[in-house]
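Asker: This is the structure, below, for whatever I ask next.
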Amino acid sequence: MPLLIIKAGETGKIAGYITDKETGEPVIGANVVVVGTYFGAAADLDGYYYINNVPPGTYQVSISSVGYAKTIVNDLIVKIDLTTKLDLELISESVLLGQDVVVTAERPMITKDLTSTKATVSSKDIELLPVDNIQQVINLQAGVINGHFRGGRSNEVAYLVDGIPVTDVFSGSNSVNIENSSVRELEVISGTFNAEYGQALSGVVNIVTKEGSSNYEGTAAAYFGSFYTSNNDLFYNLNSFDPLSIKDFQASLSGPTQILDGLNFFATARYLEEKGHLYGKRVYNTTDISPFLPTGDGEYVAMNTNKRISANAKLSYSLPDWKFAYSFFFDDAKNKYYDHGYRWAPDGIMNHFSDDLIHNLQISFYPSQSTFTSLKFASNLYRFKGYLYEDEFDARYQNPLNGIPTSDYTYRFGGTNGERYRRYTKTNIAQWTFESQVSKEHKIKLGAEAQLHEISSSWKTIVNLTEDQTDENDIPIFTLGYREPGTPGNESYKKYPYQFSAYVQDKMEYDIMIINAGLRLDYFNANTSLPVDLRN
């Protein structure tokens with residue numbers, strides 16, 4: 001097994017005391033090894049040991065010393081940013097006559113170093129949950145409702161994947177889809193963040209993704225389903241079972257590359273297509289201009305469809321003191337958002353498209369058991385666009401006034417949505433972190449991060465260039481067009497803001513208490529002109 005090295009905020013720690021069961025004296029030099037890895041430590045003069053930078057997961061730990069029977073501890077759980085206490089009493093080998101002692105680790109009733117409101121969900125936990133995406137896992141945690149943490153706005157949450165921010169700075173939301181099969185452990189923090197976490201007001205979602213190992217592993221799954229209800233008056237077209245209304249295909253594969261010893265891979269992909277549960281009825285066609293003269297065929301049309309393709313792959317190469325890792329995340333989606341006003345003219349609502357691509361390169365150095373440092377580079381690209389027809393001068397677009405109901409309580413009787421938008425966010429990130437266990441009680445972390453952004457956004461809507469003009473039959477003349485760029489109805493901008501942050505943090509672990517103390521500096525420059533009075 002190669003040595004795994006991961007940044008602070010992505011790993012945990014194992015620590016405790018090794019003593020003689022009969023005398024209670026410390027067992028000096030006792031070897032503590034995480035089975036199947038290079039992680040290990042030796043007990044000091046007090047019998048104390050610690051093992052830093054252990055990736056989250058469930059492990060088997062072996063404890064041995066000359067003159068004592070080997071003790072094997074099974075099912076020891078390590079969590080992100082927490083210390084797993086493992087105190088053991090070794091039994092003299094003469095008592096057991098060469099037999100090993102096997103015990104099962106117990107979960108503590110109280111986590112002493114939990115200094116924030118936090119929930120940790122492992123990959124095994126996710127497999128047991130009735131969920132099909134990470135957002136649903138997050139929403140199951142205490143204090144989270146539909147992406148809102150403790151009553152805050154959804155754009156006040158910081159999302160990190162393998163220690164790198166993946167929040168779209170345009171909207172403040174998480175734009176990349178991380179599949180459940182990619183997650184090694186998920187940490188949801190909803191209060192009192194440490195100094196290493198910034199750009200968050202309500203909560204932090206910290207995701208650590210899986211890596212390949214020396215063994216080949218793979219999964220494949222397919223799911224088909226349908227929405228059904230007998231209440232057809234409220235929900236159109238759901239009183240019959242359509243087994244292909246939901247199609248979901250997933251697969252993952254991991255293992256050694258056979259190219260280079262220690263070079264492993266992990267890859268997963270998913271295809272999801274849903275017709276949705278909200279339908280409209282084609283009472284009117286988009287070309288209809290009178291509520292009393294419908295020309296529709298009465299067919300049901302899906303109005304909240306969703307189609308998405310996503311993929312994630314990671315390459316990792318480990319040496320005794322170094323680790324190199326590269327990963328990318330990609331997803332491409334097309335969907336519709338239900339618009340109740342178009343329920344009887346469903347062909348007029350617009351389509352929405354998005355695609356995201358994230359590259360992440362990490363270089364880690366592990367000079368000793370006590371010290372760890374890493375350098376990370378990432379490039380995040382989020383692109384969005386929306387329109388009804390791809391050609392902005394498509395002849396199927398109708399006069400913006402067509403189909404508008406005379407009452408707010410009436411469905412539209414035709415017409416099309418003439419809006420279209422396009423935006424993207426590019427973010428380049430450089431991040432450095434350093435961590436050292438300077439003493440038994442003090443674990444120091446410090447780091448710095450720079451982000452350079454490019455944000456582009458444009459929006460416009462169709463107008464009638466011959467408004468208030470009629471032909472010889474007194475019928476309004478419609479000439480499709482748009483307002484001049486930079487005027488209301490046709491707006492766009494491109495900006496290049498940047499930001500910098502740095503922090504230092506000390507985790508103090510005493511027998512009676514745990515203290516996390518830190519200091520953080522954040523600097524942001526909009527790199528553009530701002531109103532003198534920011535309230536404007």
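To be explicit about the labels: the chains of the structure tokens are called A, B, and onward in the order shown, and within each one the residues are counted from 1, while ligands get numbers from 1 in the order they are shown.
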As an NGL selection string, please: every residue in range 229-411 of chain A that a backbone DSSP assignment puts in strand (DSSP E).
Answerer: :A and (246-256 or 263-274 or 279-281 or 300-302 or 306-318 or 322-335 or 351-365 or 371-387)
Asker: Write out as CSV the residues of range 196-285 of chain A that have any atom within 12 Å of an atom of range 124-146 of chain A, one row each with the nearest atom pair and its distance in Å to one decimal, counting only C-alpha atoms, sorted by chain and then rising number.
Answerer:
residue,atom,partner,partner_atom,distance
A:Ser202,CA,A:Val144,CA,9.8
A:Gly203,CA,A:Val144,CA,9.1
A:Val204,CA,A:Ile138,CA,10.5
A:Val205,CA,A:Ile138,CA,8.1
A:Asn206,CA,A:Ile138,CA,10.6
A:Ile207,CA,A:Ile134,CA,9.7
A:Ala221,CA,A:Asp132,CA,11.8
A:Ala222,CA,A:Asp132,CA,11.9
A:Tyr223,CA,A:Asp132,CA,10.5
A:Asp248,CA,A:Asp132,CA,9.7
A:Phe249,CA,A:Asp132,CA,11.4
A:Gln250,CA,A:Asp132,CA,10.7
A:Arg270,CA,A:Asp132,CA,11.1
A:Leu272,CA,A:Asp132,CA,10.5
Asker: When you draw a straight line from CA of Ala517 in chain A to CA of Val504 in chain A, how long is it in Å?
Answerer: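 Taking CA of Ala517 in chain A and CA of Val504 in chain A, their separation equals 8.6 Å.
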Asker: Mind checking which residues fall within 10 Å of Phe265 in chain A, counting only C-alpha atoms, ignoring those fewer than 2 positions away in the same chain, and posting them as a PyMOL selection string?
Answerer: chain A and resi 210-214+216+253-257+262-263+267+313-317+325-327
Asker: Excluding Val54 in chain A and its own-chain neighbours fewer than 4 positions away, which residues fall within 6 Å of it when counting only C-alpha atoms? Please give them as an mmCIF file with N, CA, C and O atoms, in the first residue's frame.
Answerer:
data_model
loop_
_atom_site.group_PDB
_atom_site.id
_atom_site.type_symbol
_atom_site.label_atom_id
_atom_site.label_comp_id
_atom_site.auth_asym_id
_atom_site.auth_seq_id
_atom_site.Cartn_x
_atom_site.Cartn_y
_atom_site.Cartn_z
ATOM 1 N N THR A 11 -8.047 15.195 6.623
ATOM 2 C CA THR A 11 -7.542 14.027 7.329
ATOM 3 C C THR A 11 -7.904 14.096 8.805
ATOM 4 O O THR A 11 -8.345 15.124 9.315
ATOM 5 N N GLY A 12 -7.650 12.983 9.506
ATOM 6 C CA GLY A 12 -7.845 12.928 10.940
ATOM 7 C C GLY A 12 -6.580 12.472 11.640
ATOM 8 O O GLY A 12 -5.511 12.361 11.024
ATOM 9 N N LYS A 13 -6.689 12.180 12.923
ATOM 10 C CA LYS A 13 -5.526 11.845 13.742
ATOM 11 C C LYS A 13 -5.905 10.727 14.701
ATOM 12 O O LYS A 13 -7.033 10.673 15.199
#
Asker: Neighbouring residues of range 350-354 of chain A were defined as those with any atom within 9 Å, considering only C-alpha atoms; residues of the same chain fewer than 3 positions away were excluded. Please report them as a list in words.
Answerer: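 In the requested form, the answer reads Asp331, Asp332, Ala333, Lys334, Asn335, Lys336, Tyr337, Asp347, Tyr382, Arg383, Phe384, Lys385, Gly386, Tyr387, Leu388, Tyr389, Thr416, Asn417, Gly418, Glu419 and Arg420 of chain A.
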Asker: When distances are computed from only C-alpha atoms, which of A:Leu446, A:Leu260, A:Ala430, A:Leu160 shows the smallest separation from Gln362 in chain A?
Answerer: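 Among the listed residues, the smallest separation from Gln362 in chain A belongs to A:Ala430.
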Asker: I want to know what sits within 7 Å of Ile91 in chain A, based on only C-alpha atoms, with residues of the same chain fewer than 2 positions away left out; could you give that as a PDB file with C-alpha atoms, in the first residue's frame?
Answerer:
ATOM      1  CA  ASP A  20       1.044  -2.373  30.811  1.00  0.00           C
ATOM      2  CA  LYS A  21      -2.239  -3.975  31.906  1.00  0.00           C
ATOM      3  CA  TYR A  68       3.810  -8.354  25.017  1.00  0.00           C
ATOM      4  CA  ALA A  69       1.130 -10.100  22.997  1.00  0.00           C
ATOM      5  CA  GLU A  89      -3.342  -1.925  27.818  1.00  0.00           C
ATOM      6  CA  GLU A  93       3.142 -12.547  26.195  1.00  0.00           C
TER       7      GLU A  93
END
Asker: Of the candidates A:Gly348, A:Pro400, A:Gly481, A:Pro488, which one gets nearest to Asn285 in chain A if we count only C-alpha atoms?
Answerer: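 Going through A:Gly348, A:Pro400, A:Gly481, A:Pro488 one by one, the smallest distance to Asn285 in chain A is for A:Gly348.
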Asker: Need to verify the contact set: His277 in chain A, 8 Å, only C-alpha atoms, exclusion of same-chain residues closer than 6 positions in sequence. Can you return it as a list in words?
Answerer: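 Using only C-alpha atoms, the neighbours found are Phe227, Phe235, Leu238, Ala302 and Asn304 of chain A.
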Asker: Next, the residues of the selection above should be written as a PDB file, in the first residue's frame with all heavy atoms.
Answerer:
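Once written, part_23.pdb looks like this:
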ATOM      1  N   PHE A 227     -42.990   8.723 -11.704  1.00  0.00           N
ATOM      2  CA  PHE A 227     -43.836   9.435 -10.758  1.00  0.00           C
ATOM      3  C   PHE A 227     -45.282   8.996 -10.991  1.00  0.00           C
ATOM      4  O   PHE A 227     -45.709   8.826 -12.138  1.00  0.00           O
ATOM      5  CB  PHE A 227     -43.723  10.945 -10.953  1.00  0.00           C
ATOM      6  CG  PHE A 227     -42.339  11.486 -10.719  1.00  0.00           C
ATOM      7  CD1 PHE A 227     -41.495  11.754 -11.779  1.00  0.00           C
ATOM      8  CD2 PHE A 227     -41.882  11.720  -9.433  1.00  0.00           C
ATOM      9  CE1 PHE A 227     -40.224  12.247 -11.569  1.00  0.00           C
ATOM     10  CE2 PHE A 227     -40.616  12.216  -9.206  1.00  0.00           C
ATOM     11  CZ  PHE A 227     -39.779  12.482 -10.277  1.00  0.00           C
ATOM     12  N   PHE A 235     -52.031  17.169 -10.755  1.00  0.00           N
ATOM     13  CA  PHE A 235     -50.805  16.762 -11.442  1.00  0.00           C
ATOM     14  C   PHE A 235     -51.180  16.056 -12.743  1.00  0.00           C
ATOM     15  O   PHE A 235     -51.615  14.905 -12.731  1.00  0.00           O
ATOM     16  CB  PHE A 235     -49.979  15.815 -10.565  1.00  0.00           C
ATOM     17  CG  PHE A 235     -49.435  16.459  -9.318  1.00  0.00           C
ATOM     18  CD1 PHE A 235     -50.083  16.299  -8.103  1.00  0.00           C
ATOM     19  CD2 PHE A 235     -48.274  17.218  -9.361  1.00  0.00           C
ATOM     20  CE1 PHE A 235     -49.588  16.886  -6.962  1.00  0.00           C
ATOM     21  CE2 PHE A 235     -47.775  17.810  -8.220  1.00  0.00           C
ATOM     22  CZ  PHE A 235     -48.430  17.654  -7.019  1.00  0.00           C
ATOM     23  N   LEU A 238     -49.911  11.986 -14.520  1.00  0.00           N
ATOM     24  CA  LEU A 238     -49.208  11.112 -13.582  1.00  0.00           C
ATOM     25  C   LEU A 238     -50.096   9.981 -13.086  1.00  0.00           C
ATOM     26  O   LEU A 238     -49.769   9.319 -12.099  1.00  0.00           O
ATOM     27  CB  LEU A 238     -48.703  11.915 -12.382  1.00  0.00           C
ATOM     28  CG  LEU A 238     -47.627  12.961 -12.648  1.00  0.00           C
ATOM     29  CD1 LEU A 238     -47.130  13.560 -11.345  1.00  0.00           C
ATOM     30  CD2 LEU A 238     -46.457  12.385 -13.440  1.00  0.00           C
ATOM     31  N   ALA A 302     -44.006  17.644 -20.737  1.00  0.00           N
ATOM     32  CA  ALA A 302     -43.198  17.731 -19.523  1.00  0.00           C
ATOM     33  C   ALA A 302     -42.601  19.134 -19.390  1.00  0.00           C
ATOM     34  O   ALA A 302     -42.049  19.676 -20.353  1.00  0.00           O
ATOM     35  CB  ALA A 302     -42.095  16.690 -19.548  1.00  0.00           C
ATOM     36  N   ASN A 304     -40.685  20.186 -16.376  1.00  0.00           N
ATOM     37  CA  ASN A 304     -39.508  20.299 -15.495  1.00  0.00           C
ATOM     38  C   ASN A 304     -38.566  19.124 -15.754  1.00  0.00           C
ATOM     39  O   ASN A 304     -38.199  18.365 -14.873  1.00  0.00           O
ATOM     40  CB  ASN A 304     -39.895  20.395 -14.016  1.00  0.00           C
ATOM     41  CG  ASN A 304     -40.489  19.110 -13.467  1.00  0.00           C
ATOM     42  OD1 ASN A 304     -41.188  18.389 -14.191  1.00  0.00           O
ATOM     43  ND2 ASN A 304     -40.226  18.822 -12.199  1.00  0.00           N
TER      44      ASN A 304
END
Asker: Can you pull out every residue from range 23-198 of chain A that DSSP, working from the backbone, puts in alpha helix (DSSP H), and format the result as a ChimeraX atom specification?
Answerer: /A:93-96,123-128,134-139
Asker: Would you mind exporting N, CA, C and O atoms of the selected residues as a PDB file, in the first residue's frame?
Answerer:
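The new file selection.pdb reads:
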ATOM      1  N   GLU A  93       3.176 -11.408  27.116  1.00  0.00           N
ATOM      2  CA  GLU A  93       3.142 -12.547  26.195  1.00  0.00           C
ATOM      3  C   GLU A  93       3.147 -13.861  26.958  1.00  0.00           C
ATOM      4  O   GLU A  93       2.587 -14.864  26.496  1.00  0.00           O
ATOM      5  N   SER A  94       3.737 -13.878  28.136  1.00  0.00           N
ATOM      6  CA  SER A  94       3.790 -15.117  28.913  1.00  0.00           C
ATOM      7  C   SER A  94       2.418 -15.535  29.412  1.00  0.00           C
ATOM      8  O   SER A  94       2.164 -16.713  29.672  1.00  0.00           O
ATOM      9  N   VAL A  95       1.521 -14.599  29.533  1.00  0.00           N
ATOM     10  CA  VAL A  95       0.166 -14.906  29.987  1.00  0.00           C
ATOM     11  C   VAL A  95      -0.650 -15.554  28.877  1.00  0.00           C
ATOM     12  O   VAL A  95      -1.405 -16.506  29.094  1.00  0.00           O
ATOM     13  N   LEU A  96      -0.510 -15.037  27.658  1.00  0.00           N
ATOM     14  CA  LEU A  96      -1.328 -15.518  26.533  1.00  0.00           C
ATOM     15  C   LEU A  96      -0.637 -16.571  25.698  1.00  0.00           C
ATOM     16  O   LEU A  96      -1.235 -17.106  24.758  1.00  0.00           O
ATOM     17  N   SER A 123     -18.603   7.229   3.375  1.00  0.00           N
ATOM     18  CA  SER A 123     -19.105   6.616   2.140  1.00  0.00           C
ATOM     19  C   SER A 123     -20.045   5.448   2.466  1.00  0.00           C
ATOM     20  O   SER A 123     -21.036   5.230   1.760  1.00  0.00           O
ATOM     21  N   LYS A 124     -19.754   4.714   3.541  1.00  0.00           N
ATOM     22  CA  LYS A 124     -20.644   3.610   3.936  1.00  0.00           C
ATOM     23  C   LYS A 124     -21.992   4.135   4.403  1.00  0.00           C
ATOM     24  O   LYS A 124     -23.039   3.530   4.129  1.00  0.00           O
ATOM     25  N   ASP A 125     -21.982   5.257   5.112  1.00  0.00           N
ATOM     26  CA  ASP A 125     -23.249   5.862   5.535  1.00  0.00           C
ATOM     27  C   ASP A 125     -24.075   6.276   4.323  1.00  0.00           C
ATOM     28  O   ASP A 125     -25.304   6.090   4.303  1.00  0.00           O
ATOM     29  N   ILE A 126     -23.420   6.864   3.328  1.00  0.00           N
ATOM     30  CA  ILE A 126     -24.131   7.331   2.138  1.00  0.00           C
ATOM     31  C   ILE A 126     -24.773   6.163   1.400  1.00  0.00           C
ATOM     32  O   ILE A 126     -25.891   6.263   0.883  1.00  0.00           O
ATOM     33  N   GLU A 127     -24.075   5.028   1.359  1.00  0.00           N
ATOM     34  CA  GLU A 127     -24.625   3.851   0.677  1.00  0.00           C
ATOM     35  C   GLU A 127     -25.921   3.374   1.326  1.00  0.00           C
ATOM     36  O   GLU A 127     -26.786   2.800   0.649  1.00  0.00           O
ATOM     37  N   LEU A 128     -26.074   3.620   2.617  1.00  0.00           N
ATOM     38  CA  LEU A 128     -27.260   3.151   3.340  1.00  0.00           C
ATOM     39  C   LEU A 128     -28.409   4.154   3.298  1.00  0.00           C
ATOM     40  O   LEU A 128     -29.541   3.804   3.659  1.00  0.00           O
ATOM     41  N   ILE A 134     -25.592  14.331  -3.570  1.00  0.00           N
ATOM     42  CA  ILE A 134     -24.958  14.853  -2.361  1.00  0.00           C
ATOM     43  C   ILE A 134     -25.817  15.913  -1.688  1.00  0.00           C
ATOM     44  O   ILE A 134     -25.835  16.018  -0.449  1.00  0.00           O
ATOM     45  N   GLN A 135     -26.551  16.709  -2.460  1.00  0.00           N
ATOM     46  CA  GLN A 135     -27.369  17.747  -1.849  1.00  0.00           C
ATOM     47  C   GLN A 135     -28.416  17.144  -0.921  1.00  0.00           C
ATOM     48  O   GLN A 135     -28.725  17.713   0.133  1.00  0.00           O
ATOM     49  N   GLN A 136     -28.946  15.994  -1.278  1.00  0.00           N
ATOM     50  CA  GLN A 136     -29.909  15.328  -0.407  1.00  0.00           C
ATOM     51  C   GLN A 136     -29.240  14.858   0.886  1.00  0.00           C
ATOM     52  O   GLN A 136     -29.852  14.911   1.964  1.00  0.00           O
ATOM     53  N   VAL A 137     -27.987  14.415   0.803  1.00  0.00           N
ATOM     54  CA  VAL A 137     -27.250  14.024   2.009  1.00  0.00           C
ATOM     55  C   VAL A 137     -27.069  15.233   2.922  1.00  0.00           C
ATOM     56  O   VAL A 137     -27.261  15.151   4.140  1.00  0.00           O
ATOM     57  N   ILE A 138     -26.718  16.365   2.338  1.00  0.00           N
ATOM     58  CA  ILE A 138     -26.518  17.585   3.118  1.00  0.00           C
ATOM     59  C   ILE A 138     -27.819  18.006   3.787  1.00  0.00           C
ATOM     60  O   ILE A 138     -27.847  18.397   4.967  1.00  0.00           O
ATOM     61  N   ASN A 139     -28.917  17.922   3.057  1.00  0.00           N
ATOM     62  CA  ASN A 139     -30.216  18.350   3.596  1.00  0.00           C
ATOM     63  C   ASN A 139     -30.699  17.465   4.749  1.00  0.00           C
ATOM     64  O   ASN A 139     -31.576  17.880   5.520  1.00  0.00           O
TER      65      ASN A 139
END
